[in-house]
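What follows is a short report on a single structure.
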Amino acid sequence: MPTGAYGDNAGGMTIAGGVAAALYKRATTGESPVVDVSLLGVGAWSTSFGSNLAMLVGGAPPPPSMPVAGTPGNPLTGAYRTGDGKFIMLTMLQPGAYWPGFCDVFDKPEWKTDERFLTAESIVMNGYEGRQLVAELFLSKTRAELTEILNKQSGQWAIVADFWDIAQDESLRANGLVSKVVDAEGVERELISVPVLFDEENPSLTRAPQFAEHTDEILSELGFDIEKQLELKIAGAVT
């Protein structure tokens, strides 16, 4: 799992690139486009290799092996596997504040009164035991069941999206951040789009060129006639 501010760092670089492109357009055309960068789009773009592969094969790739659930110092942070093989991330950085409400919604009064978990300090001191309890609890329920329960408390959490989940994200698609592209065989595919918009317009994607596909066009633009192009090809200078 990446550390904190992962999206902020990648987003900052993306914004810098978008601003540089906008300044170039202003310098060359006199027009100043509005630069718009989506943090959601940046996150999807950062994982686009896996998400694009998921869209290509029509589903999520098999999950990797996972380390022990949660974090040892705070059982209310970290990723936990659900009973149906999904994951939920807890990010309740103040365990003392959120533990009572967490126990209430999961109907665990014995956890709430357990001396090991009465204060933030004791929760941290007994974090290994706490995360084992939470891990077993989450394994006993599906992601849908856990989602319904967690919505009833005030602590921070989120579903851990796999690559297929990212590719199908409702907000991502509504904002045009999944684009269609026709491949070299004429088949329409979907790809995670560039997260930078200019004047609120989503970019259109095109496939990458085939090997040496545009050699003749480029040489012609550079002023080489047919005879010279043939000479370069025979010499092996171009393909």
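Going by the structure tokens order, chains are called A, B, ..., each with residues numbered from 1, while ligands are numbered from 1 in the order shown.
Secondary structure by DSSP on the backbone puts the following residues of stretch 143-177 of chain A in alpha helix (DSSP H): Arg143, Ala144, Glu145, Leu146, Thr147, Glu148, Ile149, Leu150, Phe163, Trp164, Asp165, Ile166, Ala167, Glu170, Ser171, Leu172, Arg173 and Ala174 of chain A.
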Notebook entry, point to check: Which of stretch 73-203 of chain A counts as strand (DSSP E or B) under DSSP, as a list in words please?
Noted result: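 Selection result, strand (DSSP E or B) within stretch 73-203 of chain A: Asn74, Thr77, Gly78, Ala79, Tyr80, Arg81, Phe87, Ile88, Met89, Leu90, Thr91, Trp157, Ala158, Ile159, Val160, Val178, Ser179, Lys180, Val181, Val182, Glu188, Arg189, Glu190, Leu191, Ile192, Val196, Leu197, Phe198 and Glu201 of chain A.
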Legend entry - Residues near A:Thr77, cut-off 12 Å, only C-alpha atoms, skip fewer than 3 positions along chain, as a list in words: Ala69, Gly70, Thr71, Pro72, Gly73, Asn74, Tyr80, Ile88, Met89, Leu90, Thr91, Met92, Leu93, Gln94, Pro95, Tyr98, Trp99, Ile123, Val124, Gly127, Tyr128, Gly130, Arg131, Val134, Ala135, Gly155, Gln156, Trp157 and Ala158 of chain A
Using only C-alpha atoms, which protein or nucleic acid residues come within 7 Å of stretch 103-106 of chain A? Drop anything in the same chain fewer than 5 positions from it, and give the result as a list in words.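 Contacts, in chain order: Trp111, Lys112, Ile149, Lys152 and Gln153 of chain A.
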Next item on the list: Between A:Ala237, A:Leu172, A:Ala184, A:Leu118, single out the one closest to A:Ala44, counting only C-alpha atoms.
Entry: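 Counting only C-alpha atoms, the residue closest to A:Ala44 is A:Leu172.
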- Query: With only C-alpha atoms as the basis for distance, which of A:Ala174, A:Ala212, A:Gly18, A:Phe224 is at the shortest distance from A:Asp36?
  - Reply: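 Selected residue with least distance to A:Asp36: A:Gly18.
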Excluding A:Gly12 and residues on its chain fewer than 4 positions from it, collect all residues at most 10 Å away from it, counting only C-alpha atoms, and give them as a list in words.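 The filter keeps Gly7, Asp8, Ala16, Gly17, Gly18, Val37, Leu39 and Val42 of chain A.
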Item to check | Nearest residue to A:Leu219 from the set A:Leu76, A:Leu146, A:Val238, A:Leu205 (distances using only C-alpha atoms) | outcome: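 Residue with the minimum atom-to-atom distance to A:Leu219: A:Val238.
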Using only C-alpha atoms, the best pick from A:Ala60, A:Leu23, A:Leu133, A:Leu53 as closest to A:Pro75 would be A:Leu133
**Message:** Give me the residues near A:Arg143 as number ranges by chain, where near means some atom within 12 Å (using only C-alpha atoms) and where sequence neighbours in that chain fewer than 6 positions away do not count.
**Reply:** A: 80-89, 137, 149-150, 158-161
